[in-house]
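Colleague: Sharing start00.cif here; it has mmCIF, C-alpha atoms.
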```
data_upload
#
loop_
_atom_site.group_PDB
_atom_site.id
_atom_site.type_symbol
_atom_site.label_atom_id
_atom_site.label_comp_id
_atom_site.auth_asym_id
_atom_site.auth_seq_id
_atom_site.Cartn_x
_atom_site.Cartn_y
_atom_site.Cartn_z
ATOM 1 C CA MET A 110 112.063 122.870 103.447
ATOM 2 C CA MET A 111 110.563 119.728 101.877
ATOM 3 C CA ARG A 112 111.978 118.171 98.758
ATOM 4 C CA ARG A 113 109.361 117.492 96.106
ATOM 5 C CA LEU A 114 109.254 116.214 92.552
ATOM 6 C CA LEU A 115 111.716 118.526 90.750
ATOM 7 C CA VAL A 116 111.806 120.665 93.835
ATOM 8 C CA THR A 117 112.702 123.486 95.680
ATOM 9 C CA VAL A 118 110.361 125.809 97.488
ATOM 10 C CA ALA A 119 111.291 129.327 96.442
ATOM 11 C CA LEU A 120 112.201 131.877 99.059
ATOM 12 C CA GLY A 121 111.533 135.562 99.421
ATOM 13 C CA MET A 122 109.956 138.037 97.042
ATOM 14 C CA SER A 123 108.675 137.562 93.489
ATOM 15 C CA LEU A 124 109.918 139.492 90.480
ATOM 16 C CA SER A 125 108.256 142.894 90.477
ATOM 17 C CA ALA A 126 110.044 144.748 87.704
ATOM 18 C CA CYS A 127 107.580 143.563 85.044
ATOM 19 C CA GLU A 128 103.822 143.503 85.412
ATOM 20 C CA THR A 129 103.264 140.629 82.983
ATOM 21 C CA LEU A 130 105.254 137.982 81.192
ATOM 22 C CA ALA A 131 104.629 139.842 77.936
ATOM 23 C CA ASP A 132 106.171 142.985 79.440
ATOM 24 C CA PHE A 133 109.114 140.914 80.611
ATOM 25 C CA GLU A 134 109.679 139.379 77.183
ATOM 26 C CA GLU A 135 109.522 142.740 75.453
ATOM 27 C CA SER A 136 112.054 144.329 77.810
ATOM 28 C CA VAL A 137 114.442 141.446 78.457
ATOM 29 C CA LEU A 138 114.079 138.391 76.258
ATOM 30 C CA GLY A 139 114.703 139.797 72.807
ATOM 31 C CA PRO A 140 115.381 137.727 69.715
ATOM 32 C CA LEU A 141 117.588 134.689 69.350
ATOM 33 C CA PRO A 142 120.619 134.892 67.056
ATOM 34 C CA GLU A 143 119.503 134.241 63.493
ATOM 35 C CA ASP A 144 121.399 131.233 62.200
ATOM 36 C CA GLU A 145 118.594 128.971 61.050
ATOM 37 C CA ALA A 146 117.644 127.840 57.563
ATOM 38 C CA ALA A 147 114.822 129.590 55.739
ATOM 39 C CA ALA A 148 111.875 127.813 57.322
ATOM 40 C CA SER A 149 109.113 130.073 58.502
ATOM 41 C CA ALA A 150 107.734 129.957 62.025
ATOM 42 C CA ASP A 151 104.336 128.856 60.713
ATOM 43 C CA ALA A 152 105.770 126.100 58.532
ATOM 44 C CA THR A 153 104.018 122.767 58.695
ATOM 45 C CA PRO A 154 106.127 119.869 59.998
ATOM 46 C CA SER A 155 106.102 118.051 56.643
ATOM 47 C CA GLN A 156 107.874 120.875 54.835
ATOM 48 C CA ALA A 157 111.333 119.854 56.046
ATOM 49 C CA ALA A 158 111.025 116.087 55.508
ATOM 50 C CA PRO A 159 113.396 114.940 52.748
ATOM 51 C CA PRO A 160 112.428 111.970 50.550
ATOM 52 C CA ALA A 161 114.053 108.724 51.675
ATOM 53 C CA SER A 162 115.461 108.329 48.173
ATOM 54 C CA GLN A 163 117.592 111.436 48.724
ATOM 55 C CA VAL A 164 119.285 110.051 51.821
ATOM 56 C CA THR A 165 122.837 109.115 50.879
ATOM 57 C CA MET A 166 124.701 109.317 54.205
ATOM 58 C CA THR A 167 124.560 107.684 57.583
ATOM 59 C CA PRO A 168 124.262 110.097 60.538
ATOM 60 C CA THR A 169 127.956 109.612 61.326
ATOM 61 C CA GLU A 170 128.942 110.388 57.744
ATOM 62 C CA ALA A 171 126.726 113.469 57.740
ATOM 63 C CA ILE A 172 128.405 114.845 60.857
ATOM 64 C CA ALA A 173 131.831 114.137 59.385
ATOM 65 C CA SER A 174 130.827 116.084 56.261
ATOM 66 C CA ALA A 175 130.300 119.286 58.239
ATOM 67 C CA ALA A 176 132.701 122.102 57.431
ATOM 68 C CA PRO A 177 134.524 123.909 60.258
ATOM 69 C CA ALA A 178 132.222 126.894 59.715
ATOM 70 C CA ASP A 179 129.208 124.665 60.430
ATOM 71 C CA TRP A 180 130.183 124.462 64.089
ATOM 72 C CA ARG A 181 129.691 127.192 66.704
ATOM 73 C CA ALA A 182 131.577 127.387 69.989
ATOM 74 C CA VAL A 183 129.661 127.480 73.264
ATOM 75 C CA ALA A 184 130.214 130.922 74.790
ATOM 76 C CA PRO A 185 132.255 130.739 78.034
ATOM 77 C CA GLU A 186 129.603 132.819 79.829
ATOM 78 C CA ASN A 187 127.063 130.116 78.923
ATOM 79 C CA LEU A 188 129.234 127.171 79.966
ATOM 80 C CA LEU A 189 128.693 125.836 83.485
ATOM 81 C CA LEU A 190 131.276 123.381 84.833
ATOM 82 C CA MET A 191 130.233 121.113 87.693
ATOM 83 C CA ASP A 192 133.213 119.309 89.236
ATOM 84 C CA LEU A 193 132.339 116.356 91.446
ATOM 85 C CA ALA A 194 134.382 115.274 94.439
ATOM 86 C CA ASP A 195 135.288 112.010 92.666
ATOM 87 C CA GLY A 196 137.096 113.948 89.936
ATOM 88 C CA ARG A 197 134.405 113.710 87.259
ATOM 89 C CA ARG A 198 133.061 116.796 85.493
ATOM 90 C CA VAL A 199 129.689 117.700 83.997
ATOM 91 C CA ALA A 200 129.689 120.516 81.405
ATOM 92 C CA ILE A 201 126.389 122.324 80.789
ATOM 93 C CA GLU A 202 125.517 124.822 78.077
ATOM 94 C CA LEU A 203 123.072 127.433 79.379
ATOM 95 C CA ALA A 204 120.203 128.833 77.287
ATOM 96 C CA PRO A 205 119.693 132.492 78.241
ATOM 97 C CA ALA A 206 117.594 133.195 75.144
ATOM 98 C CA PHE A 207 114.886 130.912 76.546
ATOM 99 C CA ALA A 208 115.154 131.535 80.293
ATOM 100 C CA PRO A 209 117.196 134.710 80.900
ATOM 101 C CA VAL A 210 116.221 135.323 84.531
ATOM 102 C CA HIS A 211 116.745 131.713 85.586
ATOM 103 C CA VAL A 212 120.087 131.612 83.751
ATOM 104 C CA ALA A 213 121.189 134.873 85.395
ATOM 105 C CA ASN A 214 120.282 133.297 88.739
ATOM 106 C CA ILE A 215 122.308 130.177 87.934
ATOM 107 C CA ARG A 216 125.370 132.269 87.119
ATOM 108 C CA ALA A 217 124.893 134.164 90.391
ATOM 109 C CA PHE A 218 124.556 130.901 92.331
ATOM 110 C CA ALA A 219 127.765 129.568 90.765
ATOM 111 C CA ARG A 220 129.690 132.778 91.448
ATOM 112 C CA ALA A 221 128.514 132.725 95.079
ATOM 113 C CA ASP A 222 129.750 129.107 95.526
ATOM 114 C CA TRP A 223 126.169 127.997 96.211
ATOM 115 C CA TRP A 224 126.723 124.434 94.998
ATOM 116 C CA ASN A 225 130.206 123.959 96.424
ATOM 117 C CA ARG A 226 130.062 121.031 98.863
ATOM 118 C CA SER A 227 126.421 120.322 98.002
ATOM 119 C CA GLY A 228 125.398 117.088 96.299
ATOM 120 C CA ILE A 229 123.429 115.030 93.808
ATOM 121 C CA TYR A 230 120.677 113.705 96.043
ATOM 122 C CA ARG A 231 118.218 112.198 93.599
ATOM 123 C CA VAL A 232 118.794 109.685 90.790
ATOM 124 C CA GLN A 233 115.510 108.284 89.490
ATOM 125 C CA ASP A 234 115.727 105.469 86.991
ATOM 126 C CA ASN A 235 114.706 106.428 83.446
ATOM 127 C CA TYR A 236 113.908 109.988 84.567
ATOM 128 C CA VAL A 237 116.217 112.572 86.150
ATOM 129 C CA ALA A 238 119.271 113.208 88.307
ATOM 130 C CA GLN A 239 118.851 116.209 90.600
ATOM 131 C CA TRP A 240 121.310 118.258 92.618
ATOM 132 C CA GLY A 241 121.558 121.226 94.931
ATOM 133 C CA ASN A 242 121.352 121.993 98.628
ATOM 134 C CA GLY A 243 117.921 120.427 99.146
ATOM 135 C CA GLU A 244 116.728 121.113 102.660
ATOM 136 C CA THR A 245 118.709 124.170 103.661
ATOM 137 C CA SER A 246 118.318 127.380 105.590
ATOM 138 C CA LYS A 247 120.947 129.136 103.479
ATOM 139 C CA GLY A 248 119.897 132.543 102.269
ATOM 140 C CA LEU A 249 119.910 133.238 98.550
ATOM 141 C CA PRO A 250 122.999 134.994 97.159
ATOM 142 C CA ALA A 251 122.835 138.672 96.324
ATOM 143 C CA GLY A 252 121.225 139.373 92.974
ATOM 144 C CA VAL A 253 119.224 136.134 92.793
ATOM 145 C CA VAL A 254 115.543 136.586 91.915
ATOM 146 C CA SER A 255 113.726 134.255 94.299
ATOM 147 C CA VAL A 256 110.650 133.757 92.118
ATOM 148 C CA PRO A 257 111.485 134.379 88.447
ATOM 149 C CA PRO A 258 108.754 134.682 85.837
ATOM 150 C CA PRO A 259 107.494 131.350 84.448
ATOM 151 C CA GLU A 260 110.022 130.972 81.640
ATOM 152 C CA TYR A 261 108.409 127.839 80.260
ATOM 153 C CA ASP A 262 108.050 129.128 76.696
ATOM 154 C CA ARG A 263 108.753 132.317 74.767
ATOM 155 C CA ALA A 264 107.363 134.448 71.961
ATOM 156 C CA MET A 265 108.274 133.483 68.405
ATOM 157 C CA ALA A 266 108.158 136.944 66.858
ATOM 158 C CA GLY A 267 110.970 137.205 64.325
ATOM 159 C CA LEU A 268 112.216 133.654 64.906
ATOM 160 C CA LYS A 269 112.476 131.007 62.196
ATOM 161 C CA PRO A 270 112.932 127.509 63.579
ATOM 162 C CA ARG A 271 113.998 124.720 61.269
ATOM 163 C CA PRO A 272 111.196 122.110 61.214
ATOM 164 C CA LEU A 273 112.155 118.556 62.073
ATOM 165 C CA GLY A 274 110.019 117.383 59.182
ATOM 166 C CA TYR A 275 108.037 114.755 61.064
ATOM 167 C CA ARG A 276 105.003 114.853 63.319
ATOM 168 C CA ASP A 277 105.394 115.507 67.025
ATOM 169 C CA SER A 278 103.215 113.883 69.691
ATOM 170 C CA TYR A 279 103.349 116.789 72.137
ATOM 171 C CA ALA A 280 103.119 119.919 69.991
ATOM 172 C CA PRO A 281 101.827 121.070 66.599
ATOM 173 C CA ALA A 282 105.418 121.315 65.366
ATOM 174 C CA ALA A 283 108.954 120.511 66.473
ATOM 175 C CA GLY A 284 112.384 121.339 65.160
ATOM 176 C CA TYR A 285 115.480 123.347 65.958
ATOM 177 C CA LEU A 286 116.272 126.949 66.786
ATOM 178 C CA SER A 287 119.860 128.206 66.997
ATOM 179 C CA GLY A 288 121.074 124.718 67.818
ATOM 180 C CA TRP A 289 118.389 123.883 70.395
ATOM 181 C CA PRO A 290 115.574 121.310 70.149
ATOM 182 C CA VAL A 291 112.247 123.119 70.327
ATOM 183 C CA ALA A 292 108.520 122.681 69.864
ATOM 184 C CA TRP A 293 106.111 125.413 68.867
ATOM 185 C CA ASN A 294 102.510 126.298 68.229
ATOM 186 C CA PRO A 295 101.924 128.501 65.171
ATOM 187 C CA ARG A 296 98.487 129.483 66.480
ATOM 188 C CA THR A 297 99.787 130.933 69.737
ATOM 189 C CA ALA A 298 103.171 131.936 68.272
ATOM 190 C CA ARG A 299 104.964 130.447 71.283
ATOM 191 C CA THR A 300 107.993 128.143 71.320
ATOM 192 C CA ASN A 301 109.717 126.134 74.035
ATOM 193 C CA LEU A 302 112.715 123.942 74.689
ATOM 194 C CA VAL A 303 111.852 120.256 74.981
ATOM 195 C CA HIS A 304 112.728 117.631 77.591
ATOM 196 C CA CYS A 305 115.141 115.480 75.601
ATOM 197 C CA TYR A 306 117.907 113.355 77.108
ATOM 198 C CA GLY A 307 120.530 115.549 78.772
ATOM 199 C CA MET A 308 118.388 118.681 79.007
ATOM 200 C CA VAL A 309 118.724 120.609 82.274
ATOM 201 C CA GLY A 310 115.775 122.105 84.126
ATOM 202 C CA VAL A 311 114.945 123.988 87.307
ATOM 203 C CA GLY A 312 113.416 122.188 90.261
ATOM 204 C CA ARG A 313 110.286 123.852 91.609
ATOM 205 C CA GLY A 314 107.388 123.302 93.978
ATOM 206 C CA GLU A 315 103.707 123.859 93.308
ATOM 207 C CA ALA A 316 102.683 126.874 91.204
ATOM 208 C CA PRO A 317 103.053 129.806 91.516
ATOM 209 C CA ASP A 318 106.598 128.727 92.485
ATOM 210 C CA THR A 319 108.842 128.734 89.408
ATOM 211 C CA GLY A 320 112.106 127.633 91.051
ATOM 212 C CA SER A 321 115.009 129.956 91.676
ATOM 213 C CA GLY A 322 117.551 127.804 89.835
ATOM 214 C CA GLY A 323 119.274 126.652 93.010
ATOM 215 C CA GLU A 324 118.013 123.098 92.475
ATOM 216 C CA LEU A 325 118.669 121.653 89.020
ATOM 217 C CA TYR A 326 118.030 118.347 87.283
ATOM 218 C CA ALA A 327 119.181 116.639 84.103
ATOM 219 C CA VAL A 328 117.102 114.195 82.075
ATOM 220 C CA ILE A 329 118.769 110.758 82.185
ATOM 221 C CA GLY A 330 116.035 108.613 80.674
ATOM 222 C CA HIS A 331 113.345 108.481 78.039
ATOM 223 C CA ALA A 332 112.326 112.033 77.211
ATOM 224 C CA PRO A 333 109.652 113.186 79.735
ATOM 225 C CA ARG A 334 107.983 115.524 77.243
ATOM 226 C CA HIS A 335 104.902 115.856 79.469
ATOM 227 C CA LEU A 336 107.028 118.294 81.503
ATOM 228 C CA ASP A 337 107.376 120.671 78.527
ATOM 229 C CA ARG A 338 105.938 124.136 79.240
ATOM 230 C CA ASN A 339 105.573 123.245 82.923
ATOM 231 C CA ILE A 340 109.154 123.753 84.090
ATOM 232 C CA ALA A 341 111.923 126.147 83.085
ATOM 233 C CA LEU A 342 114.501 124.401 80.923
ATOM 234 C CA VAL A 343 117.782 126.286 81.191
ATOM 235 C CA GLY A 344 120.319 124.286 79.189
ATOM 236 C CA ARG A 345 121.733 120.875 78.358
ATOM 237 C CA VAL A 346 124.637 118.645 79.297
ATOM 238 C CA VAL A 347 127.291 118.837 76.579
ATOM 239 C CA ASP A 348 129.798 116.542 78.279
ATOM 240 C CA GLY A 349 129.866 114.177 81.246
ATOM 241 C CA ILE A 350 126.255 112.962 81.272
ATOM 242 C CA ASP A 351 127.546 109.568 82.428
ATOM 243 C CA ALA A 352 128.647 111.218 85.690
ATOM 244 C CA LEU A 353 124.927 111.705 86.364
ATOM 245 C CA SER A 354 123.280 108.757 84.629
ATOM 246 C CA ALA A 355 125.659 105.948 85.670
ATOM 247 C CA ARG A 356 124.946 106.299 89.389
ATOM 248 C CA PRO A 357 123.171 104.086 91.909
ATOM 249 C CA ARG A 358 119.435 104.746 91.799
ATOM 250 C CA GLY A 359 117.828 106.282 94.853
ATOM 251 C CA THR A 360 115.736 103.839 96.860
ATOM 252 C CA GLU A 361 113.216 106.323 98.247
ATOM 253 C CA ALA A 362 110.135 107.659 96.472
ATOM 254 C CA LEU A 363 110.968 109.507 93.229
ATOM 255 C CA GLY A 364 114.557 108.269 93.359
ATOM 256 C CA PHE A 365 115.795 110.270 96.351
ATOM 257 C CA TYR A 366 118.687 108.821 98.311
ATOM 258 C CA LYS A 367 117.594 107.639 101.740
ATOM 259 C CA ALA A 368 120.562 109.030 103.674
ATOM 260 C CA ARG A 369 122.586 112.172 103.040
ATOM 261 C CA SER A 370 125.695 110.032 103.264
ATOM 262 C CA SER A 371 124.596 108.523 99.933
ATOM 263 C CA ASP A 372 124.567 111.896 98.164
ATOM 264 C CA ILE A 373 127.206 112.327 95.458
ATOM 265 C CA PRO A 374 129.355 115.279 96.605
ATOM 266 C CA ILE A 375 129.840 118.301 94.373
ATOM 267 C CA ALA A 376 133.213 119.970 94.836
ATOM 268 C CA ARG A 377 132.520 123.180 92.924
ATOM 269 C CA VAL A 378 130.484 124.720 90.116
ATOM 270 C CA THR A 379 132.123 127.365 87.930
ATOM 271 C CA VAL A 380 131.143 129.594 85.027
ATOM 272 C CA ALA A 381 133.811 128.907 82.395
ATOM 273 C CA ALA A 382 134.193 132.639 81.678
ATOM 274 C CA ASP A 383 135.610 133.047 85.199
ATOM 275 C CA LEU A 384 138.524 130.710 84.456
ATOM 276 C CA PRO A 385 141.755 131.754 82.720
ATOM 277 C CA ALA A 386 141.367 131.260 78.976
ATOM 278 C CA ALA A 387 143.935 128.463 78.953
ATOM 279 C CA ARG A 388 141.830 126.440 81.429
ATOM 280 C CA ARG A 389 138.487 126.815 79.683
ATOM 281 C CA PRO A 390 137.286 123.727 77.825
ATOM 282 C CA VAL A 391 135.891 124.489 74.384
ATOM 283 C CA TYR A 392 132.737 122.769 73.152
ATOM 284 C CA GLU A 393 131.103 123.151 69.762
ATOM 285 C CA VAL A 394 127.537 122.621 68.546
ATOM 286 C CA LEU A 395 126.587 121.800 64.952
ATOM 287 C CA ASN A 396 124.661 124.622 63.283
ATOM 288 C CA THR A 397 121.109 123.330 62.837
ATOM 289 C CA GLY A 398 120.703 125.565 59.793
ATOM 290 C CA SER A 399 123.546 123.858 57.926
ATOM 291 C CA ALA A 400 123.308 121.405 55.042
ATOM 292 C CA ALA A 401 125.315 118.906 57.087
ATOM 293 C CA PHE A 402 122.669 118.985 59.808
ATOM 294 C CA ALA A 403 119.905 118.445 57.243
ATOM 295 C CA ARG A 404 121.780 115.374 55.994
ATOM 296 C CA TYR A 405 122.193 114.192 59.594
ATOM 297 C CA VAL A 406 118.451 114.416 60.385
ATOM 298 C CA ALA A 407 117.583 112.696 57.108
ATOM 299 C CA GLY A 408 120.034 109.942 57.999
ATOM 300 C CA ARG A 409 118.513 109.515 61.456
ATOM 301 C CA ALA A 410 115.060 109.102 59.916
ATOM 302 C CA ASN A 411 116.154 106.815 57.077
ATOM 303 C CA ARG A 412 119.042 104.714 58.309
ATOM 304 C CA LYS A 413 121.362 103.515 55.570
ATOM 305 C CA ASP A 414 123.788 101.804 57.975
ATOM 306 C CA SER A 415 124.481 98.197 57.026
ATOM 307 C CA PHE A 416 122.776 96.935 60.209
ATOM 308 C CA PHE A 417 119.344 98.290 59.279
ATOM 309 C CA ILE A 418 116.899 96.216 57.234
ATOM 310 C CA THR A 419 113.844 98.478 57.383
ATOM 311 C CA PRO A 420 114.447 102.210 57.950
ATOM 312 C CA ALA A 421 111.839 103.893 60.144
ATOM 313 C CA GLY A 422 111.035 106.643 57.679
ATOM 314 C CA GLY A 423 110.637 109.108 60.501
ATOM 315 C CA VAL A 424 112.315 110.421 63.645
ATOM 316 C CA ASP A 425 111.376 112.015 66.946
ATOM 317 C CA ILE A 426 112.898 115.358 67.942
ATOM 318 C CA CYS A 427 114.670 113.684 70.875
ATOM 319 C CA ASN A 428 116.018 110.893 68.673
ATOM 320 C CA ALA A 429 117.850 113.387 66.467
ATOM 321 C CA PRO A 430 119.916 115.187 69.112
ATOM 322 C CA VAL A 431 122.029 118.123 68.004
ATOM 323 C CA PRO A 432 125.628 116.902 67.534
ATOM 324 C CA MET A 433 128.176 118.405 69.946
ATOM 325 C CA ARG A 434 131.897 117.926 70.325
ATOM 326 C CA LYS A 435 134.828 118.949 72.486
ATOM 327 C CA ARG A 436 137.504 120.760 70.554
#
```
Any chance you could give the structure as structure tokens?

Modeller:
Amino acid sequence: MMRRLLVTVALGMSLSACETLADFEESVLGPLPEDEAAASADATPSQAAPPASQVTMTPTEAIASAAPADWRAVAPENLLLMDLADGRRVAIELAPAFAPVHVANIRAFARADWWNRSGIYRVQDNYVAQWGNGETSKGLPAGVVSVPPPEYDRAMAGLKPRPLGYRDSYAPAAGYLSGWPVAWNPRTARTNLVHCYGMVGVGRGEAPDTGSGGELYAVIGHAPRHLDRNIALVGRVVDGIDALSARPRGTEALGFYKARSSDIPIARVTVAADLPAARRPVYEVLNTGSAAFARYVAGRANRKDSFFITPAGGVDICNAPVPMRKR
């Protein structure tokens, strides 16, 4: 099996339970939890932009102003823990509302010890770090769908994302949905996760391959937004991104390590829900529908910190990352 850019050649049969992606969405995807501010799905980006004169807090002050109720805990079933052989840990929040089949596969891979004793075999400067089994003859674990549907975007019916408030270069609109950075197109009524720093995606080969989820990557450089709607994004790193980004860069094409002896060994990958409650780390994400988050985004766009002379007066979706913390 040949490694490719964001790679793995899928094995076996394709999903046959649903005839079309629309059928799949209707039967499986369902709505996201409703926790966003009252901003309609067809809102124009400018509707959420606060006047610079109303900005009174720095981003740090805005986060500190959040009430305990403004934070939501990451569900243990959606928390993937990747322990490296050198003792470092990467914690990943999964996004089943955007890619349910891929996420179900990832949980199945973890519970079958698929990544145990595998490795990080690609670290490309200003791009991605990628891990998995690479070239392997291992059969897929029971329950894994070898070729999931192309979960690159989803229907917006009933969803109300919070607009960022500033123009986006890659989509008609960008903002936040249940704590996730998203872009959307009001005309097509489709929305998608975006390739910001720390986002986790599924390696795949050429279409119609969609990637099984056995090979994953995390963005460790400037946001490669050109990949949006071309690859299944399945989550984000909530802790330990330095264990991926602060690594020697691969010297081969696309940042692959030349020899397998250079791979960074993975000891185990675990779904947090499978650990005793006392051993589960708890991470929290700031509610993107909260007033504190609105103050945070306004502060990112109009910096009041003493260092700044000329505030930008705008912000990119990937330059206003959703605040997260370990409790």

Colleague: Enclose the full set of atoms of stretch 353-367 of chain A listed in the file within a box whose edges lie along x, y and z, apply 4 Å of padding to each of the six sides, and report centre and edge lengths in Å to one decimal as AutoDock Vina command-line options.

Modeller:
```
--center_x 117.9 --center_y 107.8 --center_z 93.2 --size_x 23.5 --size_y 15.9 --size_z 25.1
```

Colleague: Which residue out of A:Pro257, A:Gly267, A:Gly322, A:Gly330 has the minimum interatomic distance to A:Gln233 when all atoms listed in the file are used?

Modeller: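 Comparing A:Pro257, A:Gly267, A:Gly322, A:Gly330 against A:Gln233, the winner is A:Gly330.
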
Colleague: So, with all atoms listed in the file as the atoms that count, which of A:Tyr392, A:Tyr366, A:Tyr306, A:Tyr275 lies closest to A:Ile350?

Modeller: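 Nearest to A:Ile350: A:Tyr306.
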
Colleague: The PyMOL selection byres ((chain A and resi 266) around 8) on the file shown: which residues, as a list of chain:residue names?

Modeller: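 So the PyMOL selection byres ((chain A and resi 266) around 8), applied here, picks out A:Pro140, A:Ala264, A:Met265, A:Gly267, A:Leu268, A:Ala298.
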
Colleague: For each of A:Val431, A:Val343, A:Ile373, A:Leu286, take the minimum atom-to-atom distance to A:Pro357, counting all atoms listed in the file, then give the residue where this is smallest.

Modeller: A:Ile373

Colleague: Starting from the PyMOL selection byres ((chain A and resi 420-429) around 6), expand the selection into actual residues of this file and give them as number ranges by chain.

Modeller: A: 305, 410-412, 419, 430

Colleague: For stretch 415-418 of chain A, list every protein, DNA or RNA residue within 12 Å, evaluated using all atoms listed in the file, and leave out those in the same chain fewer than 5 positions away; present the list as a list in words.

Modeller: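 Here the qualifying residues turn out to be Met166, Thr167, Gly408, Arg409 and Ala410 of chain A.
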
Colleague: Let me see the file: selected residues, C-alpha atoms, as a PDB file, in the frame of the given file.

Modeller:
```pdb
ATOM      1  CA  MET A 166     124.701 109.317  54.205  1.00  0.00           C
ATOM      2  CA  THR A 167     124.560 107.684  57.583  1.00  0.00           C
ATOM      3  CA  GLY A 408     120.034 109.942  57.999  1.00  0.00           C
ATOM      4  CA  ARG A 409     118.513 109.515  61.456  1.00  0.00           C
ATOM      5  CA  ALA A 410     115.060 109.102  59.916  1.00  0.00           C
TER       6      ALA A 410
END
```

Colleague: Grab the atom CA of A:Pro374 to atom CA of A:Val237 distance for me, in Å with one decimal place.

Modeller: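 Calculated distance between atom CA of A:Pro374 and atom CA of A:Val237 is 17.0 Å.
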